[in-house]
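S.K.: Just dropping this structure here.
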Amino acid sequence: MTIPAELTRIIQLFQLPFMQRALMGGILTGLMGGMLGSFTILRQLSFFSDALGHSALLGISISLLLRLDPSWAILPFAVVFALGVTYFMERTQLWTDALLNIIYSSSLAIGIIILSFRDNYRGGINNILFGDILGIRESDLILSGLLLLICIAFITLTVRSQMLLTLNEPLAIARGVAVTPHRTFFIVLLSLLVGISIKAIGVLLISAFVVIPACAARLLTRNFISYIIVSSALGGFSAVLGMILSALLNLPSGPSIVTMQLAIFLLAILIPNLKLLVS
Amino acid sequence: MKNPVLMVDRLTVYHDTYLAVDNVSFNLEEGTDMAIIGPNGAGKSTLIQSILGILPRQNGDVFILGQSLSRSGYLPNYVRQEIAYLPQNFMFDRRIPITVEELVGLGWDKLGLKLPWVGSRSRYQAIRQALIKVDAWKLRHNLIGGLSGGEMKRVLLAYCVVRPRRLLILDEALAGLDFQGELDFYQLLYQLKKEEGWAILQISHDLDQVRKHCDRVLCLNRMVLSEGTPETILSPENISVAYSSQLRLISNNNTPYKITG
């Protein structure tokens, strides 16, 4: 196989509608994951995003039990679950990481048990765990696009409040930042991102979209606005690279994207001068 | 009589079942610098935080510029814009990628739904003036995570003064400043008070500085023990009552200026 032949094969592959939808879906999820992830890691909610991803399996299982379309039913479930977890985190005296561990491992276990009663589930457990980005529909893209616009509007219009809230909560309260509404809306956006993207990326990998690009961006930037922009850009860029890698070597798409995210992160660590180029 | 910028009426705050602030009342007029003194655990920081709405209060009222602070901590935004607060221990994650210029800019911004690039020119000028005032202009591109304690205090002061305000609340602001830093700090406070009419409420343990610079003193030990001018409040008898008789006063000509154990 020659390189030109391979390139031709990949170009032809990306002319297929399902590949274009997969690429667009990956880019939209990458952009949103990077944008929300930039705040998620600073607020030390990485484990929380992981718990949200795992709880999606429970949401999908309950949807199937109630004979609802999981693509839609998962959304309100994710939001209610996220708000419920946040409530318990604030009310109990337990360690946050322990509490989240209880939540995500038990929701995974209960979800799998419920699914075991549904032998005829078309998607199968593998698709739930690792996603099926090639199965993205136009309606999924529209939903992702809408959520991306909401995220951009929210972050752009409230970026100063978000910075202050992330930096020091008493200072934010003293300046009149409505802490609870801001925090709640952010959690709702994060849970909607997980709910919308779970079908494409899967329960086990969705938190990578939120965490890895943001960590790489932190290593490459020297001010907050650049950090948010670079985090989002890296999320989208890694989706493109991952899809190309997947097409090139016939690899699973979702894991390929995460592998590209990791590669970018390792480059950010190993090449310090990359920071100067980005800044 | 000047209109009070801050009115506190029978303020009572509990930490769980512990009575931290008991029935405290006082007024603060514009252009006045009031110091709150008292031993550790007297409720000084709790008082300030409940005035700002950071901690909930169980009883009493707080009025800032005539507006009532609700029990949930709500004040209209236009009132919040007039308040600057410098906390005692500014806890933050040093890995957060915020520069000095960005932090001071947060003090200038009217927070709410707005496009971040609107008014960027006047914002930059205000940040520049504020950082020059506190001698921190050369630090503007530094990440705040790399600042020393004293540098952080100066930057936070710039954050407070970047925009004209009516009320400045300081919680042991001098901690971490060297001798020159203290002098510059009080010079700036004097200028804010006299030239711009700021009302200043500060917690301090340095009685000498309180005597030199403050107009009024509130002596607190969960409740108000005394209130008045520095000359009347900072007598050896009042200080001994406030801090307990086991503490030794370092005094100069029978005028206390430091507390020691």
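Just remember, in the structure tokens the first chain shown is A, the second B, etc., residues are 1-based per chain, and ligands are 1-based in the order shown.
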Would you give me, as JSON lines, each residue of chain A having an atom within 12 Å of an atom of chain B, along with its shortest atom pair and that distance in Å to one decimal, using only C-alpha atoms and sorting by chain and residue number?

M.R.:
{"residue": "A:Ser38", "atom": "CA", "partner": "B:Ile96", "partner_atom": "CA", "distance": 10.2}
{"residue": "A:Phe39", "atom": "CA", "partner": "B:Ile96", "partner_atom": "CA", "distance": 9.8}
{"residue": "A:Thr40", "atom": "CA", "partner": "B:Ile96", "partner_atom": "CA", "distance": 11.8}
{"residue": "A:Ile41", "atom": "CA", "partner": "B:Ile96", "partner_atom": "CA", "distance": 9.7}
{"residue": "A:Leu42", "atom": "CA", "partner": "B:Ile96", "partner_atom": "CA", "distance": 6.5}
{"residue": "A:Arg43", "atom": "CA", "partner": "B:Asp93", "partner_atom": "CA", "distance": 9.1}
{"residue": "A:Gln44", "atom": "CA", "partner": "B:Asp93", "partner_atom": "CA", "distance": 10.0}
{"residue": "A:Ile152", "atom": "CA", "partner": "B:Leu115", "partner_atom": "CA", "distance": 11.5}
{"residue": "A:Ala153", "atom": "CA", "partner": "B:Leu115", "partner_atom": "CA", "distance": 9.5}
{"residue": "A:Phe154", "atom": "CA", "partner": "B:Leu113", "partner_atom": "CA", "distance": 8.6}
{"residue": "A:Ile155", "atom": "CA", "partner": "B:Leu113", "partner_atom": "CA", "distance": 9.8}
{"residue": "A:Thr156", "atom": "CA", "partner": "B:Leu115", "partner_atom": "CA", "distance": 6.5}
{"residue": "A:Leu157", "atom": "CA", "partner": "B:Leu113", "partner_atom": "CA", "distance": 4.9}
{"residue": "A:Thr158", "atom": "CA", "partner": "B:Leu113", "partner_atom": "CA", "distance": 5.6}
{"residue": "A:Val159", "atom": "CA", "partner": "B:Pro116", "partner_atom": "CA", "distance": 7.3}
{"residue": "A:Arg160", "atom": "CA", "partner": "B:Leu106", "partner_atom": "CA", "distance": 6.4}
{"residue": "A:Ser161", "atom": "CA", "partner": "B:Leu111", "partner_atom": "CA", "distance": 6.0}
{"residue": "A:Gln162", "atom": "CA", "partner": "B:Leu111", "partner_atom": "CA", "distance": 9.7}
{"residue": "A:Met163", "atom": "CA", "partner": "B:Leu106", "partner_atom": "CA", "distance": 8.2}
{"residue": "A:Leu164", "atom": "CA", "partner": "B:Leu106", "partner_atom": "CA", "distance": 7.2}
{"residue": "A:Leu165", "atom": "CA", "partner": "B:Phe92", "partner_atom": "CA", "distance": 10.6}
{"residue": "A:Thr166", "atom": "CA", "partner": "B:Ile96", "partner_atom": "CA", "distance": 8.5}
{"residue": "A:Leu167", "atom": "CA", "partner": "B:Phe92", "partner_atom": "CA", "distance": 5.8}
{"residue": "A:Asn168", "atom": "CA", "partner": "B:Phe92", "partner_atom": "CA", "distance": 5.9}
{"residue": "A:Glu169", "atom": "CA", "partner": "B:Ile54", "partner_atom": "CA", "distance": 8.9}
{"residue": "A:Pro170", "atom": "CA", "partner": "B:Ile54", "partner_atom": "CA", "distance": 6.0}
{"residue": "A:Leu171", "atom": "CA", "partner": "B:Tyr85", "partner_atom": "CA", "distance": 7.2}
{"residue": "A:Ala172", "atom": "CA", "partner": "B:Ile54", "partner_atom": "CA", "distance": 9.2}
{"residue": "A:Ile173", "atom": "CA", "partner": "B:Ile54", "partner_atom": "CA", "distance": 6.0}
{"residue": "A:Ala174", "atom": "CA", "partner": "B:Leu52", "partner_atom": "CA", "distance": 5.7}
{"residue": "A:Arg175", "atom": "CA", "partner": "B:Arg80", "partner_atom": "CA", "distance": 5.6}
{"residue": "A:Gly176", "atom": "CA", "partner": "B:Arg80", "partner_atom": "CA", "distance": 5.7}
{"residue": "A:Val177", "atom": "CA", "partner": "B:Leu111", "partner_atom": "CA", "distance": 7.2}
{"residue": "A:Ala178", "atom": "CA", "partner": "B:Tyr74", "partner_atom": "CA", "distance": 8.5}
{"residue": "A:Val179", "atom": "CA", "partner": "B:Ile54", "partner_atom": "CA", "distance": 10.5}
{"residue": "A:Thr180", "atom": "CA", "partner": "B:Ser72", "partner_atom": "CA", "distance": 11.1}
{"residue": "A:His182", "atom": "CA", "partner": "B:Gly112", "partner_atom": "CA", "distance": 10.7}
{"residue": "A:Ala214", "atom": "CA", "partner": "B:Pro97", "partner_atom": "CA", "distance": 11.6}
{"residue": "A:Cys215", "atom": "CA", "partner": "B:Arg95", "partner_atom": "CA", "distance": 10.9}
{"residue": "A:Ala217", "atom": "CA", "partner": "B:Pro97", "partner_atom": "CA", "distance": 10.2}
{"residue": "A:Arg218", "atom": "CA", "partner": "B:Pro97", "partner_atom": "CA", "distance": 7.2}
{"residue": "A:Leu219", "atom": "CA", "partner": "B:Pro97", "partner_atom": "CA", "distance": 9.5}
{"residue": "A:Leu220", "atom": "CA", "partner": "B:Pro97", "partner_atom": "CA", "distance": 10.3}
{"residue": "A:Thr221", "atom": "CA", "partner": "B:Pro97", "partner_atom": "CA", "distance": 7.7}
{"residue": "A:Arg222", "atom": "CA", "partner": "B:Pro97", "partner_atom": "CA", "distance": 6.0}
{"residue": "A:Asn223", "atom": "CA", "partner": "B:Pro97", "partner_atom": "CA", "distance": 5.2}
{"residue": "A:Phe224", "atom": "CA", "partner": "B:Ile98", "partner_atom": "CA", "distance": 5.2}
{"residue": "A:Ile225", "atom": "CA", "partner": "B:Ile98", "partner_atom": "CA", "distance": 8.7}
{"residue": "A:Ser226", "atom": "CA", "partner": "B:Pro97", "partner_atom": "CA", "distance": 9.4}
{"residue": "A:Tyr227", "atom": "CA", "partner": "B:Pro97", "partner_atom": "CA", "distance": 7.5}
{"residue": "A:Ile228", "atom": "CA", "partner": "B:Pro97", "partner_atom": "CA", "distance": 10.1}

S.K.: Leaving out Val188 in chain A and any residue of its chain fewer than 3 positions from it, which residues lie within 9 Å of it when counting only C-alpha atoms, given as a VMD selection string?

M.R.: chain A and resid 78 to 80 82 to 83 183 to 185 191 to 193

S.K.: Take the residues that were just selected and, keeping N, CA and C atoms, output them as a PDB file, in the first residue's frame.

M.R.:
ATOM      1  N   ALA A  78     -29.302  12.310  33.488  1.00  0.00           N
ATOM      2  CA  ALA A  78     -27.957  12.810  33.786  1.00  0.00           C
ATOM      3  C   ALA A  78     -28.029  14.085  34.623  1.00  0.00           C
ATOM      4  N   VAL A  79     -28.947  14.967  34.282  1.00  0.00           N
ATOM      5  CA  VAL A  79     -29.065  16.238  35.014  1.00  0.00           C
ATOM      6  C   VAL A  79     -29.513  15.983  36.449  1.00  0.00           C
ATOM      7  N   VAL A  80     -30.563  15.162  36.604  1.00  0.00           N
ATOM      8  CA  VAL A  80     -31.086  14.878  37.952  1.00  0.00           C
ATOM      9  C   VAL A  80     -30.018  14.163  38.784  1.00  0.00           C
ATOM     10  N   ALA A  82     -26.730  14.302  38.424  1.00  0.00           N
ATOM     11  CA  ALA A  82     -25.639  15.235  38.745  1.00  0.00           C
ATOM     12  C   ALA A  82     -26.023  16.147  39.906  1.00  0.00           C
ATOM     13  N   LEU A  83     -27.239  16.681  39.845  1.00  0.00           N
ATOM     14  CA  LEU A  83     -27.681  17.589  40.912  1.00  0.00           C
ATOM     15  C   LEU A  83     -27.827  16.836  42.227  1.00  0.00           C
ATOM     16  N   ARG A 183     -22.877  27.638  39.834  1.00  0.00           N
ATOM     17  CA  ARG A 183     -22.342  26.301  40.018  1.00  0.00           C
ATOM     18  C   ARG A 183     -23.326  25.257  39.495  1.00  0.00           C
ATOM     19  N   THR A 184     -24.601  25.470  39.780  1.00  0.00           N
ATOM     20  CA  THR A 184     -25.634  24.525  39.352  1.00  0.00           C
ATOM     21  C   THR A 184     -25.726  24.475  37.822  1.00  0.00           C
ATOM     22  N   PHE A 185     -25.697  25.640  37.195  1.00  0.00           N
ATOM     23  CA  PHE A 185     -25.810  25.659  35.727  1.00  0.00           C
ATOM     24  C   PHE A 185     -24.610  24.982  35.086  1.00  0.00           C
ATOM     25  N   SER A 191     -23.375  17.709  32.804  1.00  0.00           N
ATOM     26  CA  SER A 191     -24.161  16.471  32.743  1.00  0.00           C
ATOM     27  C   SER A 191     -24.836  16.315  31.374  1.00  0.00           C
ATOM     28  N   LEU A 192     -25.258  17.415  30.752  1.00  0.00           N
ATOM     29  CA  LEU A 192     -25.833  17.342  29.404  1.00  0.00           C
ATOM     30  C   LEU A 192     -24.770  16.921  28.385  1.00  0.00           C
ATOM     31  N   LEU A 193     -23.547  17.435  28.558  1.00  0.00           N
ATOM     32  CA  LEU A 193     -22.445  17.029  27.676  1.00  0.00           C
ATOM     33  C   LEU A 193     -22.237  15.521  27.775  1.00  0.00           C
TER      34      LEU A 193
END

S.K.: Can you list, as JSON, numbers by chain, every residue of range 52-211 of chain A that DSSP puts in helix (DSSP H, G or I)?

M.R.: {"A": [52, 53, 54, 55, 56, 57, 58, 59, 60, 61, 62, 63, 64, 65, 70, 71, 72, 73, 74, 75, 76, 77, 78, 79, 80, 81, 82, 83, 84, 85, 86, 87, 88, 89, 90, 91, 96, 97, 98, 99, 100, 101, 102, 103, 104, 105, 106, 107, 108, 109, 110, 111, 112, 113, 114, 115, 116, 124, 125, 126, 127, 128, 129, 130, 133, 134, 135, 138, 139, 140, 141, 142, 143, 144, 145, 146, 147, 148, 149, 150, 151, 152, 153, 154, 155, 156, 157, 158, 159, 160, 161, 162, 163, 164, 165, 166, 167, 169, 170, 171, 172, 173, 174, 179, 180, 181, 182, 183, 184, 185, 186, 187, 188, 189, 190, 191, 192, 193, 194, 195, 196, 197, 198, 199, 200, 201, 206, 207, 208, 209, 210, 211]}

S.K.: So which one's closest to Ala173 in chain B, B:Leu147, B:Met7, B:Ile132, B:Ile203? Using only C-alpha atoms, please.

M.R.: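 Using only C-alpha atoms, the shortest distance to Ala173 in chain B belongs to B:Ile203.
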
S.K.: I want to know what sits within 8 Å of Thr29 in chain A, based on only C-alpha atoms, with residues of the same chain fewer than 3 positions away left out; could you give that as a ChimeraX atom specification?

M.R.: /A:25-26,32-33,144,193,197,209,235-236

S.K.: Let's have the selection written as an mmCIF file, in the first residue's frame, with N, CA and C atoms.

M.R.:
data_model
loop_
_atom_site.group_PDB
_atom_site.id
_atom_site.type_symbol
_atom_site.label_atom_id
_atom_site.label_comp_id
_atom_site.auth_asym_id
_atom_site.auth_seq_id
_atom_site.Cartn_x
_atom_site.Cartn_y
_atom_site.Cartn_z
ATOM 1 N N GLY A 25 -19.355 14.912 14.968
ATOM 2 C CA GLY A 25 -19.721 14.603 16.354
ATOM 3 C C GLY A 25 -18.512 14.634 17.284
ATOM 4 N N GLY A 26 -17.399 14.065 16.803
ATOM 5 C CA GLY A 26 -16.172 14.071 17.593
ATOM 6 C C GLY A 26 -15.665 15.469 17.841
ATOM 7 N N MET A 32 -16.613 21.001 23.182
ATOM 8 C CA MET A 32 -17.349 21.198 24.440
ATOM 9 C C MET A 32 -16.584 20.637 25.623
ATOM 10 N N GLY A 33 -16.020 19.445 25.429
ATOM 11 C CA GLY A 33 -15.271 18.814 26.514
ATOM 12 C C GLY A 33 -14.100 19.678 26.953
ATOM 13 N N SER A 144 -25.918 18.264 19.807
ATOM 14 C CA SER A 144 -24.554 18.643 20.212
ATOM 15 C C SER A 144 -24.246 20.085 19.817
ATOM 16 N N LEU A 193 -23.547 17.435 28.558
ATOM 17 C CA LEU A 193 -22.445 17.029 27.676
ATOM 18 C C LEU A 193 -22.237 15.521 27.775
ATOM 19 N N SER A 197 -23.079 12.918 24.727
ATOM 20 C CA SER A 197 -21.891 12.313 24.105
ATOM 21 C C SER A 197 -21.708 10.844 24.436
ATOM 22 N N PHE A 209 -12.442 13.153 27.581
ATOM 23 C CA PHE A 209 -12.696 14.327 26.739
ATOM 24 C C PHE A 209 -12.736 15.599 27.578
ATOM 25 N N GLY A 235 -9.304 19.913 22.246
ATOM 26 C CA GLY A 235 -10.366 18.909 22.246
ATOM 27 C C GLY A 235 -10.853 18.616 20.832
ATOM 28 N N GLY A 236 -11.089 19.672 20.059
ATOM 29 C CA GLY A 236 -11.545 19.493 18.686
ATOM 30 C C GLY A 236 -10.473 18.897 17.787
#

S.K.: In terms of the shortest atom-to-atom distance over only C-alpha atoms, which of B:Gly41, B:Gly119, B:Pro4, B:Gly181 is closest to Leu167 in chain B?

M.R.: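 The shortest atom-to-atom distance to Leu167 in chain B comes from B:Pro4.
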
S.K.: Of the residues B:Ile144, B:Asp16, B:Gly31, B:Asp215, which is the one nearest to Thr229 in chain B, using only C-alpha atoms?

M.R.: B:Asp215

S.K.: Could you give me, as a ChimeraX atom specification, each residue of range 116-261 of chain B that DSSP assigns to strand (DSSP E) when run on this structure's backbone?

M.R.: /B:167-171,199-203,216-221,223-228,248-252,255-260

S.K.: I'd like the interatomic distance between CA of Gly53 in chain A and CA of Leu204 in chain A, to a tenth of an Å.

M.R.: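 Between these atoms lies a distance of 6.7 Å.
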